[in-house]
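Okay, my_file.txt now, which holds compact mmCIF, C-alpha atoms:
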# COMPACT_ATOMS: atom_id res chain seq x y z
CA MET A 9 0.00 0.00 0.00
CA LYS A 10 0.97 3.64 -0.04
CA PRO A 11 1.05 6.30 2.69
CA VAL A 12 -1.79 8.79 3.07
CA ASN A 13 -0.96 12.40 2.38
CA PHE A 14 0.78 14.48 4.99
CA ASP A 15 2.38 17.86 5.37
CA TYR A 16 6.13 17.73 4.99
CA TYR A 17 8.75 19.95 6.59
CA ALA A 18 12.49 19.61 5.99
CA PRO A 19 14.26 21.97 8.41
CA SER A 20 17.98 22.52 7.94
CA SER A 21 18.87 23.23 11.58
CA VAL A 22 17.91 21.98 15.04
CA ASP A 23 16.38 25.36 15.94
CA GLU A 24 14.24 25.36 12.83
CA ALA A 25 13.14 21.79 13.54
CA LEU A 26 12.19 22.69 17.13
CA ASP A 27 10.24 25.75 15.93
CA THR A 28 8.32 23.57 13.51
CA LEU A 29 7.62 20.90 16.15
CA ALA A 30 6.41 23.59 18.58
CA GLU A 31 4.05 24.98 15.95
CA LEU A 32 2.66 21.58 14.95
CA GLY A 33 2.16 20.25 18.50
CA TYR A 34 0.28 16.95 18.45
CA ASP A 35 0.09 16.99 14.63
CA GLY A 36 3.85 16.76 14.19
CA LYS A 37 5.96 13.62 14.01
CA VAL A 38 9.72 13.47 13.66
CA LEU A 39 11.04 11.53 10.66
CA ALA A 40 14.53 10.14 11.37
CA GLY A 41 15.78 7.20 9.24
CA GLY A 42 12.20 6.16 8.54
CA GLN A 43 13.02 2.46 8.46
CA SER A 44 10.17 1.68 10.86
CA LEU A 45 7.96 4.76 10.42
CA ILE A 46 7.75 4.70 6.61
CA ALA A 47 7.05 0.95 6.66
CA ALA A 48 4.19 1.59 9.09
CA MET A 49 2.97 4.48 6.91
CA ASN A 50 3.05 2.27 3.80
CA PHE A 51 0.62 -0.04 5.57
CA ARG A 52 -1.35 2.96 6.86
CA MET A 53 -0.85 1.73 10.40
CA ALA A 54 0.75 5.13 11.00
CA ARG A 55 -0.95 8.18 9.53
CA PRO A 56 0.87 11.22 10.89
CA SER A 57 -0.61 14.48 9.61
CA ALA A 58 2.78 16.17 9.40
CA LEU A 59 6.35 14.96 9.24
CA VAL A 60 9.37 16.93 10.35
CA ASP A 61 12.25 15.35 8.45
CA LEU A 62 15.62 15.60 10.25
CA ASN A 63 17.65 14.20 7.36
CA ASN A 64 18.77 17.68 6.30
CA VAL A 65 20.12 18.55 9.77
CA PRO A 66 23.78 17.48 9.62
CA GLU A 67 24.49 18.84 13.13
CA LEU A 68 22.55 15.85 14.57
CA SER A 69 24.91 13.27 13.12
CA TYR A 70 28.14 12.56 15.05
CA VAL A 71 30.01 10.20 17.34
CA LYS A 72 32.29 12.13 19.67
CA PRO A 73 34.26 11.23 22.80
CA THR A 74 33.19 12.90 26.04
CA GLU A 75 35.62 14.26 28.66
CA ASP A 76 35.12 11.30 31.00
CA GLY A 77 36.00 8.77 28.29
CA GLY A 78 32.46 7.97 27.16
CA LEU A 79 30.77 8.85 23.91
CA ALA A 80 28.08 11.24 22.73
CA ILE A 81 26.10 10.04 19.74
CA GLY A 82 23.92 12.40 17.72
CA THR A 83 20.39 11.16 17.20
CA MET A 84 20.62 11.09 13.38
CA THR A 85 23.84 9.05 13.24
CA ARG A 86 23.15 6.08 10.98
CA VAL A 87 23.40 2.68 12.65
CA PHE A 88 25.92 1.80 9.92
CA ASP A 89 28.15 4.68 11.05
CA VAL A 90 27.86 3.64 14.70
CA GLU A 91 28.82 0.02 13.98
CA HIS A 92 31.80 1.18 11.91
CA SER A 93 32.98 3.87 14.32
CA ALA A 94 36.48 3.25 15.70
CA GLU A 95 35.46 5.13 18.87
CA VAL A 96 32.55 2.74 19.43
CA ILE A 97 34.58 -0.38 18.64
CA LYS A 98 37.19 0.70 21.20
CA ARG A 99 34.80 1.52 24.04
CA PHE A 100 31.54 -0.37 23.60
CA PRO A 101 32.02 -3.72 21.81
CA LEU A 102 28.45 -4.57 22.85
CA LEU A 103 27.13 -2.11 20.24
CA ILE A 104 29.15 -3.83 17.53
CA GLU A 105 27.99 -7.27 18.65
CA VAL A 106 24.34 -6.23 18.66
CA SER A 107 24.47 -4.35 15.35
CA LYS A 108 24.45 -7.33 13.06
CA TYR A 109 21.14 -8.41 14.59
CA ILE A 110 19.49 -5.08 13.77
CA ALA A 111 17.34 -5.78 10.71
CA HIS A 112 19.47 -5.93 7.55
CA PRO A 113 22.54 -4.14 6.18
CA GLN A 114 20.43 -1.91 3.90
CA ILE A 115 18.22 -0.89 6.84
CA ARG A 116 21.22 -0.08 9.05
CA ARG A 117 22.65 2.10 6.28
CA ARG A 118 19.62 4.41 6.50
CA GLY A 119 18.18 3.78 9.97
CA THR A 120 19.39 6.01 12.79
CA PHE A 121 20.65 5.36 16.31
CA GLY A 122 18.34 7.87 18.00
CA GLY A 123 15.38 7.07 15.78
CA ALA A 124 15.48 3.40 16.74
CA ILE A 125 15.60 4.26 20.44
CA ALA A 126 12.80 6.85 20.24
CA HIS A 127 10.67 4.33 18.30
CA ALA A 128 10.83 2.05 21.39
CA ASP A 129 9.89 -1.15 19.58
CA PRO A 130 9.76 -3.87 22.28
CA ALA A 131 11.56 -6.17 19.83
CA GLY A 132 14.13 -3.50 18.92
CA GLN A 133 17.74 -4.11 19.91
CA LEU A 134 18.81 -0.49 20.42
CA PRO A 135 15.95 0.46 22.78
CA SER A 136 16.94 -2.51 24.97
CA ILE A 137 20.61 -1.57 24.90
CA SER A 138 19.77 2.05 25.76
CA VAL A 139 18.00 0.75 28.88
CA LEU A 140 20.81 -1.68 29.74
CA MET A 141 23.54 0.95 29.39
CA ASN A 142 21.31 3.63 30.93
CA MET A 143 22.27 5.98 28.10
CA GLN A 144 21.61 9.60 29.01
CA ALA A 145 19.04 11.01 26.60
CA LEU A 146 19.11 14.71 25.72
CA ILE A 147 15.59 15.80 24.82
CA LYS A 148 15.17 19.21 23.21
CA SER A 149 12.19 21.43 22.56
CA LYS A 150 11.92 25.08 21.55
CA GLY A 151 14.08 27.04 23.99
CA GLU A 152 14.38 24.13 26.42
CA GLU A 153 16.25 20.92 27.00
CA ARG A 154 16.20 18.15 29.57
CA TRP A 155 18.10 14.94 30.33
CA VAL A 156 16.38 11.62 30.94
CA ASP A 157 17.98 8.38 32.15
CA GLY A 158 17.88 5.66 29.51
CA GLN A 159 16.14 3.34 31.95
CA ASP A 160 13.30 5.88 32.38
CA LEU A 161 12.90 6.80 28.71
CA ILE A 162 10.63 3.98 27.54
CA ILE A 163 7.22 3.73 29.23
CA GLY A 164 5.32 1.32 26.99
CA PRO A 165 5.40 -0.45 23.66
CA PHE A 166 6.37 2.21 21.11
CA MET A 167 5.98 4.83 23.87
CA THR A 168 8.58 7.09 25.45
CA VAL A 169 8.50 10.16 27.68
CA ILE A 170 9.35 12.31 24.63
CA GLU A 171 6.45 14.73 24.01
CA PRO A 172 5.19 15.58 20.49
CA HIS A 173 6.83 19.03 20.56
CA GLU A 174 10.15 17.53 21.69
CA MET A 175 12.83 15.51 20.00
CA LEU A 176 15.60 13.18 21.09
CA ALA A 177 18.80 15.04 20.19
CA GLU A 178 21.69 13.06 21.65
CA LEU A 179 22.59 9.96 23.65
CA VAL A 180 25.51 9.98 26.04
CA LEU A 181 27.16 6.67 26.87
CA LYS A 182 29.11 6.62 30.13
CA PRO A 183 32.47 4.83 30.05
CA TRP A 184 32.73 1.33 31.45
CA PRO A 185 35.12 0.59 34.33
CA ALA A 186 38.10 -1.73 33.80
CA ARG A 187 37.32 -5.47 33.81
CA THR A 188 33.88 -4.98 32.27
CA GLY A 189 32.57 -7.60 29.88
CA SER A 190 29.40 -7.54 27.82
CA ASN A 191 27.41 -9.88 25.66
CA TYR A 192 24.30 -10.04 23.46
CA VAL A 193 22.52 -13.25 22.47
CA GLN A 194 19.35 -13.61 20.44
CA VAL A 195 17.15 -16.33 19.04
CA SER A 196 15.09 -15.54 15.96
CA ARG A 197 13.66 -17.60 13.12
CA GLN A 198 15.85 -16.00 10.49
CA SER A 199 18.76 -13.62 10.25
CA GLY A 200 17.51 -10.08 10.79
CA GLY A 201 14.13 -11.34 11.93
CA TYR A 202 12.23 -10.47 15.08
CA ALA A 203 13.81 -11.80 18.25
CA GLN A 204 11.78 -14.52 19.90
CA SER A 205 13.89 -13.69 22.91
CA ALA A 206 17.17 -11.89 23.47
CA VAL A 207 19.37 -11.11 26.46
CA ALA A 208 22.12 -8.52 26.83
CA SER A 209 24.35 -8.18 29.85
CA ILE A 210 27.22 -6.12 31.24
CA VAL A 211 29.33 -7.47 34.11
CA THR A 212 32.16 -5.73 35.99
CA LEU A 213 34.52 -7.81 38.15
CA ASP A 214 36.67 -6.70 41.07
CA GLU A 215 40.25 -7.86 41.73
CA ASN A 216 38.93 -10.90 43.62
CA GLU A 217 36.84 -12.07 40.66
CA ARG A 218 33.63 -11.05 42.38
CA CYS A 219 30.93 -9.06 40.61
CA LYS A 220 31.19 -5.36 41.24
CA ASP A 221 28.27 -4.71 38.94
CA ALA A 222 25.93 -6.89 36.92
CA ARG A 223 23.26 -5.54 34.61
CA MET A 224 21.02 -7.53 32.30
CA VAL A 225 18.14 -6.65 29.98
CA LEU A 226 15.56 -9.07 28.63
CA MET A 227 14.07 -8.32 25.23
CA SER A 228 10.95 -9.47 23.38
CA VAL A 229 9.57 -11.05 26.55
CA GLY A 230 7.41 -8.16 27.75
CA GLU A 231 5.85 -4.93 26.53
CA VAL A 232 9.10 -3.03 27.09
CA PRO A 233 12.74 -4.01 27.54
CA ILE A 234 12.97 -5.52 31.04
CA LEU A 235 15.92 -4.46 33.15
CA SER A 236 16.54 -7.39 35.50
CA GLN A 237 16.80 -6.59 39.20
CA LYS A 238 17.67 -10.19 40.08
CA ALA A 239 20.96 -10.14 38.18
CA GLY A 240 22.31 -7.36 40.39
CA GLU A 241 20.75 -8.68 43.62
CA ILE A 242 22.19 -12.17 43.23
CA LEU A 243 25.53 -11.48 41.58
CA VAL A 244 26.88 -8.20 43.01
CA GLY A 245 29.39 -8.88 45.80
CA ASN A 246 29.56 -12.57 44.91
CA ALA A 247 31.54 -14.80 42.61
CA PRO A 248 29.63 -15.34 39.36
CA THR A 249 29.52 -19.11 39.62
CA ARG A 250 27.49 -21.35 37.36
CA GLU A 251 25.06 -21.92 40.24
CA ALA A 252 24.59 -18.20 40.86
CA ILE A 253 24.00 -17.51 37.17
CA GLU A 254 21.48 -20.35 36.96
CA GLU A 255 19.67 -18.88 39.95
CA VAL A 256 19.45 -15.55 38.13
CA ALA A 257 18.02 -17.35 35.09
CA GLU A 258 15.45 -19.20 37.17
CA LEU A 259 14.26 -16.08 39.00
CA ALA A 260 14.34 -13.85 35.92
CA VAL A 261 12.19 -16.29 33.97
CA THR A 262 9.71 -16.95 36.77
CA THR A 263 9.37 -13.48 38.28
CA GLU A 264 10.58 -10.78 35.89
CA ILE A 265 9.38 -11.51 32.38
CA ASP A 266 5.88 -11.60 30.93
CA PRO A 267 6.20 -13.10 27.47
CA ALA A 268 3.32 -13.12 25.01
CA THR A 269 2.26 -15.72 22.50
CA ASP A 270 2.34 -14.36 18.96
CA LEU A 271 3.21 -15.39 15.41
CA HIS A 272 6.88 -15.64 16.26
CA ALA A 273 6.77 -17.87 19.35
CA THR A 274 4.58 -19.11 22.19
CA ALA A 275 4.95 -17.68 25.68
CA ASP A 276 6.18 -21.03 26.99
CA TYR A 277 8.82 -21.31 24.30
CA ARG A 278 9.98 -17.76 25.02
CA ARG A 279 10.31 -18.58 28.72
CA SER A 280 12.21 -21.74 27.93
CA ILE A 281 14.76 -20.12 25.61
CA THR A 282 15.13 -17.04 27.80
CA ARG A 283 16.34 -19.25 30.65
CA VAL A 284 19.06 -20.63 28.36
CA LEU A 285 19.96 -17.22 26.94
CA VAL A 286 20.38 -15.67 30.41
CA VAL A 287 22.90 -18.34 31.34
CA ARG A 288 24.77 -17.99 28.05
CA SER A 289 24.85 -14.20 28.12
CA LEU A 290 25.98 -13.79 31.72
CA THR A 291 28.55 -16.58 31.42
CA GLU A 292 30.09 -15.01 28.33
CA ALA A 293 30.03 -11.48 29.80
CA VAL A 294 31.89 -12.81 32.89
CA GLU A 295 34.47 -14.56 30.70
CA ARG A 296 35.06 -11.39 28.73
CA ALA A 297 35.35 -9.35 31.93
CA LYS A 298 38.02 -11.78 33.16
CA ARG A 299 39.92 -11.21 29.92
CA GLY A 300 39.70 -7.47 30.52
CA GLY A 301 36.54 -6.69 28.53
CA MET B 4 -3.43 17.77 4.65
CA SER B 5 -2.14 19.18 1.46
CA ASN B 6 -1.45 17.74 -1.95
CA LYS B 7 1.40 20.18 -2.19
CA LEU B 8 4.06 19.43 -4.78
CA PHE B 9 7.73 19.73 -3.90
CA PRO B 10 10.30 20.48 -6.60
CA ILE B 11 13.23 18.06 -6.50
CA THR B 12 16.47 17.69 -8.41
CA VAL B 13 17.90 14.21 -8.28
CA THR B 14 20.70 12.49 -10.17
CA VAL B 15 19.82 8.95 -11.23
CA ASN B 16 22.44 6.85 -13.00
CA GLY B 17 24.36 10.01 -13.85
CA VAL B 18 21.38 11.86 -15.35
CA GLU B 19 19.94 14.89 -13.56
CA TYR B 20 16.15 14.94 -13.31
CA LYS B 21 13.96 17.83 -12.16
CA ARG B 22 10.46 16.82 -11.09
CA GLU B 23 7.65 17.85 -8.77
CA VAL B 24 6.46 15.24 -6.29
CA GLU B 25 3.93 14.78 -3.50
CA ALA B 26 5.64 14.26 -0.16
CA ARG B 27 4.09 10.80 0.19
CA LEU B 28 5.55 9.46 -3.07
CA LEU B 29 8.00 6.66 -2.33
CA LEU B 30 11.38 6.76 -4.05
CA SER B 31 10.69 3.28 -5.49
CA ASP B 32 7.49 4.53 -7.14
CA PHE B 33 9.22 7.72 -8.30
CA LEU B 34 11.87 5.65 -10.09
CA ARG B 35 9.31 3.35 -11.68
CA HIS B 36 6.40 5.65 -12.49
CA ASP B 37 7.91 9.12 -12.86
CA LEU B 38 11.22 8.12 -14.47
CA GLY B 39 10.11 4.86 -16.11
CA LEU B 40 13.04 2.94 -14.65
CA LEU B 41 11.33 -0.42 -14.13
CA GLY B 42 14.43 -2.35 -13.05
CA THR B 43 13.84 -1.45 -9.40
CA HIS B 44 11.22 -3.94 -8.22
CA VAL B 45 8.63 -3.43 -5.53
CA GLY B 46 7.91 -6.45 -3.37
CA CYS B 47 6.85 -6.06 0.23
CA GLU B 48 6.99 -2.29 0.75
CA HIS B 49 8.09 -2.67 4.35
CA GLY B 50 11.79 -3.27 4.07
CA ILE B 51 11.87 -7.04 4.35
CA CYS B 52 12.24 -8.41 0.81
CA GLY B 53 15.06 -6.26 -0.58
CA ALA B 54 13.77 -6.22 -4.18
CA CYS B 55 13.74 -2.39 -4.25
CA THR B 56 17.36 -1.99 -3.09
CA ILE B 57 19.18 0.89 -4.81
CA LEU B 58 22.30 2.92 -4.10
CA PHE B 59 21.67 6.22 -2.32
CA ASP B 60 24.86 8.28 -2.32
CA GLY B 61 26.73 5.00 -2.84
CA GLY B 62 25.13 3.00 -0.02
CA ALA B 63 22.63 0.18 -0.56
CA VAL B 64 19.22 1.14 0.88
CA ARG B 65 15.53 0.31 0.46
CA SER B 66 13.89 2.68 -2.01
CA CYS B 67 10.47 1.75 -0.55
CA LEU B 68 11.48 3.23 2.82
CA ILE B 69 12.58 6.63 1.52
CA PHE B 70 10.31 9.36 0.15
CA ALA B 71 11.20 10.74 -3.27
CA VAL B 72 11.30 14.24 -1.78
CA GLN B 73 14.14 13.07 0.47
CA ALA B 74 16.26 12.26 -2.59
CA ASN B 75 16.44 15.95 -3.46
CA GLY B 76 20.09 16.79 -4.09
CA HIS B 77 21.21 13.18 -3.76
CA GLU B 78 22.70 10.66 -6.16
CA ILE B 79 20.85 7.45 -6.94
CA ARG B 80 22.01 4.37 -8.81
CA THR B 81 19.65 1.64 -9.97
CA VAL B 82 20.18 -1.70 -11.68
CA GLU B 83 19.92 0.09 -15.04
CA SER B 84 23.34 1.59 -14.33
CA LEU B 85 25.08 -1.79 -14.31
CA GLY B 86 25.10 -3.40 -17.77
CA THR B 87 23.11 -3.99 -20.93
CA PRO B 88 21.90 -7.34 -22.32
CA GLU B 89 24.81 -7.25 -24.79
CA ASN B 90 27.35 -6.08 -22.27
CA LEU B 91 26.56 -7.40 -18.78
CA HIS B 92 28.21 -6.08 -15.63
CA PRO B 93 30.71 -8.71 -14.37
CA LEU B 94 28.42 -9.59 -11.46
CA GLN B 95 25.44 -9.93 -13.81
CA GLN B 96 27.58 -12.17 -16.03
CA SER B 97 28.40 -14.38 -13.03
CA PHE B 98 24.72 -14.53 -12.03
CA HIS B 99 23.97 -15.60 -15.61
CA GLU B 100 26.69 -18.24 -15.78
CA LYS B 101 26.04 -19.69 -12.31
CA HIS B 102 22.24 -19.77 -12.67
CA ALA B 103 21.87 -17.41 -9.73
CA LEU B 104 18.38 -16.44 -10.82
CA GLN B 105 15.26 -18.17 -12.00
CA CYS B 106 12.27 -15.82 -12.07
CA GLY B 107 14.54 -12.79 -11.67
CA PHE B 108 12.20 -10.69 -9.54
CA CYS B 109 14.66 -10.38 -6.64
CA THR B 110 17.76 -10.04 -8.84
CA PRO B 111 17.98 -6.23 -9.13
CA GLY B 112 17.93 -5.97 -5.33
CA PHE B 113 20.62 -8.62 -4.96
CA LEU B 114 22.81 -6.92 -7.56
CA MET B 115 22.49 -3.47 -6.03
CA THR B 116 23.30 -4.93 -2.60
CA LEU B 117 26.27 -6.92 -3.84
CA VAL B 118 27.96 -4.43 -6.17
CA PRO B 119 29.06 -2.09 -3.32
CA PHE B 120 29.66 -5.10 -1.08
CA LEU B 121 32.21 -6.55 -3.53
CA GLU B 122 33.88 -3.16 -3.89
CA GLU B 123 34.39 -3.05 -0.10
CA ASN B 124 35.13 -6.80 0.26
CA PRO B 125 36.89 -8.05 -2.89
CA HIS B 126 37.60 -11.49 -1.33
CA PRO B 127 34.57 -12.34 0.79
CA SER B 128 33.99 -15.64 2.58
CA ASP B 129 30.72 -17.51 2.02
CA ASP B 130 29.59 -16.42 5.48
CA GLU B 131 30.28 -12.78 4.70
CA ILE B 132 28.29 -13.06 1.48
CA ARG B 133 25.38 -14.67 3.32
CA GLU B 134 25.45 -11.91 5.91
CA ALA B 135 25.51 -9.26 3.17
CA ILE B 136 22.40 -10.72 1.52
CA ASP B 137 20.45 -11.48 4.68
CA GLY B 138 18.15 -8.61 3.74
CA ASN B 139 17.27 -9.97 0.31
CA ILE B 140 14.71 -12.70 -0.19
CA CYS B 141 14.94 -15.12 -3.12
CA ARG B 142 12.20 -17.75 -3.37
CA CYS B 143 13.71 -19.62 -6.34
CA THR B 144 17.38 -20.38 -5.91
CA GLY B 145 17.83 -21.34 -2.29
CA TYR B 146 20.73 -18.84 -2.29
CA GLU B 147 23.42 -21.45 -3.04
CA LYS B 148 23.77 -20.33 -6.65
CA ILE B 149 23.82 -16.68 -5.63
CA VAL B 150 26.71 -17.27 -3.24
CA GLU B 151 28.51 -19.20 -6.02
CA ALA B 152 27.96 -16.32 -8.44
CA VAL B 153 29.41 -13.81 -5.99
CA GLN B 154 32.48 -16.02 -5.46
CA ASP B 155 32.79 -16.37 -9.24
CA ALA B 156 32.67 -12.61 -9.75
CA ALA B 157 35.19 -12.05 -6.94
CA ALA B 158 37.58 -14.65 -8.43
CA LYS B 159 37.33 -13.21 -11.94
CA ASN B 160 37.83 -9.71 -10.60
CA SER B 161 41.07 -10.63 -8.80
CA GLN B 162 42.32 -12.51 -11.89
CA ALA B 163 41.70 -9.42 -14.01
CA LYS B 164 43.92 -7.34 -11.75

Using structure tokens, write down the structure that the file contains.
Amino acid sequence: MKPVNFDYYAPSSVDEALDTLAELGYDGKVLAGGQSLIAAMNFRMARPSALVDLNNVPELSYVKPTEDGGLAIGTMTRVFDVEHSAEVIKRFPLLIEVSKYIAHPQIRRRGTFGGAIAHADPAGQLPSISVLMNMQALIKSKGEERWVDGQDLIIGPFMTVIEPHEMLAELVLKPWPARTGSNYVQVSRQSGGYAQSAVASIVTLDENERCKDARMVLMSVGEVPILSQKAGEILVGNAPTREAIEEVAELAVTTEIDPATDLHATADYRRSITRVLVVRSLTEAVERAKRGG
Amino acid sequence: MSNKLFPITVTVNGVEYKREVEARLLLSDFLRHDLGLLGTHVGCEHGICGACTILFDGGAVRSCLIFAVQANGHEIRTVESLGTPENLHPLQQSFHEKHALQCGFCTPGFLMTLVPFLEENPHPSDDEIREAIDGNICRCTGYEKIVEAVQDAAAKNSQAK
């Protein structure tokens, strides 16, 4: 099918974009890479009355180191440019590992880092990673800006705290301590397909091989990415033994996730593979932390 | 909502076109209906099948997930830029020789995905080829012949050098 008609604005600066969004209010919708939005518009599942296209705003596209050793990523940076950025490869191998699961190469070439996060697809990899890493989100509107923690950004399926007159401008990734390992594992029916379940984790070890920090996010097993509390409660301060990791898996699967049955998998199957994926992801993250990350 | 027309200037296969388009017109439909370039195929229209893949400023993208108005000032290449029936592009020749197509519907998308891929990876492994084409669906070949064709083109290219 084809999209319905809409008003189209192509600002050439952030200020102009924010002016336009302020004027349009609830009628306006930001167009980033469009790799989800235009597909939804083609099916007329999305019928925005006006689009504010950010593709002519070059100032929103960058990957730059921050003073503390982290990175700031502009919202319109293409996923392709993130996965090929030497700065990202050096600091956050998790983003490289997860990238090849994000749709297909042609989609990553056009799709944007911030657009994927703001879209908040429960089966989207980048929204989950933004929660896991607690990326700091800079949200701008006309004459104002505010920062939101990545773990507070997404409030429902395809829903964030970003208001219609606002836009996500930048994501700041805080540096990881030494001896931090990360991992992403996913099960889907075909390469680039929807995850039936996926788990990402970040583990930091101390000098005695005990967990200083352990974070884990569970994807495609609830309406939003689920940041596990059990991983931290069970692992932090303790040695990440096989038994401890299996306990995390057991509790995560029985108390933290709420998988649905849909075309891609049944709820029971999702629960079953999530248990396996938790063990695999945490085990591998620990191994990588031992090797120095 | 308006039916406003937007003037665009876009370079397709080296030729500059000036047209007026509705904002909702997809780039795939612009190429086919406004420019008459029927080599770009339209399959699923939601980014899954890969048949509409073109080069946008040199990078392989879905033309069904870009509006024509967004191509203003940009450079597009379609399958028509590769070869002619008498003088096939080396990759087209390899597809022909290795039987990498049957019905041919998906072929333009595969070619436009693989031409820049081979430029960046002149000696790809089978796994790298399969990863490169994971966004292109072929319902005829089972992909084996396509991977063979890419290896054939890569081998001939390195021999020629």

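Shell of Thr110 (chain B) at 9 Å, with only C-alpha atoms counted and residues fewer than 6 places along the chain excluded, is His44, Ala54, Phe98, Ala103, Leu104 and Cys141 of chain B.
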
Practice item. Have a look at CA of Thr85 (chain A) and CA of Ser69 (chain A) and let me know their distance in Å, one decimal. Key: 4.4 Å

Point to revise | Spatial neighbours of Ala157 (chain B), max dist 12 Å, all atoms listed in the file, sep filter under 6 positions, as a PyMOL selection string | key: chain B and resi 93-94+96-98+117-118+120-129+132+150-151+163-164

Point to revise | Long-range neighbours of region 125-132 of chain A as a VMD selection string, 7 Å cut-off, only C-alpha atoms, 2 positions minimum in chain | key: chain A and resid 121 to 123 134 to 136 162 165 to 168 176 202 to 203 227 to 228 231 to 233

Exercise for review: Please indicate the distance in Å from CA of Arg187 (chain A) to CA of Ile242 (chain A), rounded to one decimal place.
Suggested key: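 Going from CA of Arg187 (chain A) over to CA of Ile242 (chain A), I get 19.0 Å.
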
Restrict the calculation to only C-alpha atoms, then for each residue of chain B with any atom at most 9 Å from an atom of chain A give the closest atom pair and their distance in Å to one decimal, rows by chain and rising residue number, as a Markdown table.
| residue | atom | partner | partner_atom | distance |
| --- | --- | --- | --- | --- |
| B:Met4 | CA | A:Phe14 | CA | 5.4 |
| B:Ser5 | CA | A:Asp15 | CA | 6.1 |
| B:Asn6 | CA | A:Asn13 | CA | 6.9 |
| B:Lys7 | CA | A:Asp15 | CA | 8.0 |
| B:Glu25 | CA | A:Asn13 | CA | 8.0 |
| B:Ala26 | CA | A:Tyr16 | CA | 6.2 |
| B:Arg27 | CA | A:Asn13 | CA | 5.7 |
| B:Leu28 | CA | A:Pro11 | CA | 8.0 |
| B:Leu29 | CA | A:Lys10 | CA | 8.0 |
| B:Glu48 | CA | A:Ala47 | CA | 6.7 |
| B:His49 | CA | A:Ala47 | CA | 4.4 |
| B:Gly50 | CA | A:Ala47 | CA | 6.9 |
| B:Ile51 | CA | A:His112 | CA | 8.3 |
| B:Gly53 | CA | A:Gln114 | CA | 8.2 |
| B:Thr56 | CA | A:Gln114 | CA | 7.6 |
| B:Gly62 | CA | A:Arg117 | CA | 6.8 |
| B:Ala63 | CA | A:Gln114 | CA | 5.4 |
| B:Val64 | CA | A:Gln114 | CA | 4.5 |
| B:Arg65 | CA | A:Gln114 | CA | 6.4 |
| B:Cys67 | CA | A:Ala47 | CA | 8.0 |
| B:Leu68 | CA | A:Ile46 | CA | 5.5 |
| B:Ile69 | CA | A:Gly42 | CA | 7.0 |
| B:Phe70 | CA | A:Ile46 | CA | 8.4 |
| B:Gln73 | CA | A:Asn63 | CA | 7.8 |
| B:Thr116 | CA | A:Gln114 | CA | 7.7 |
| B:Glu134 | CA | A:Ser199 | CA | 8.2 |
| B:Ala135 | CA | A:Pro113 | CA | 6.6 |
| B:Ile136 | CA | A:Pro113 | CA | 8.1 |
| B:Asp137 | CA | A:Ser199 | CA | 6.2 |
| B:Gly138 | CA | A:His112 | CA | 4.8 |
| B:Asn139 | CA | A:His112 | CA | 8.6 |

Point to revise | Residue among A:Ala257, A:Val225, A:Ala208, A:Ser190 lying closest to Val294 (chain A), counting only C-alpha atoms | key: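 Nearest to Val294 (chain A): A:Ser190.
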
Review point. What's the 10 Å shell around Asp37 (chain B), counting all atoms listed in the file, without same-chain residues fewer than 6 positions away, as number ranges by chain?
Key: B: 22-24, 30-31

Those same residues - C-alpha atoms - I'd like them written as an mmCIF file, in the coordinates of the input.
data_model
loop_
_atom_site.group_PDB
_atom_site.id
_atom_site.type_symbol
_atom_site.label_atom_id
_atom_site.label_comp_id
_atom_site.auth_asym_id
_atom_site.auth_seq_id
_atom_site.Cartn_x
_atom_site.Cartn_y
_atom_site.Cartn_z
ATOM 1 C CA ARG B 22 10.460 16.820 -11.090
ATOM 2 C CA GLU B 23 7.650 17.850 -8.770
ATOM 3 C CA VAL B 24 6.460 15.240 -6.290
ATOM 4 C CA LEU B 30 11.380 6.760 -4.050
ATOM 5 C CA SER B 31 10.690 3.280 -5.490
#

Practice item. Skip Pro66 (chain A) itself and residues of its chain fewer than 5 positions away, then list as JSON, numbers by chain all residues within 10 Å of it, counting only C-alpha atoms. Key: {"A": [20, 21, 22, 82, 84, 85]}

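Straight-line separation from CA of Gln133 (chain A) to CA of Val286 (chain A): 15.8 Å.
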
Edge lengths and centre in Å to one decimal, as AutoDock Vina command-line options, is what I'm after for the box along x, y and z that holds all listed atoms of region 108-125 of chain A once 4 Å is added on each side.
--center_x 19.9 --center_y -0.3 --center_z 12.2 --size_x 17.1 --size_y 24.3 --size_z 24.5

Exercise for review: Rank B:Val153, B:Cys47, B:Met115, B:Ile79 by their smallest atom-to-atom distance to Thr14 (chain B), using all atoms listed in the file, and report the top residue only.
Suggested key: B:Ile79
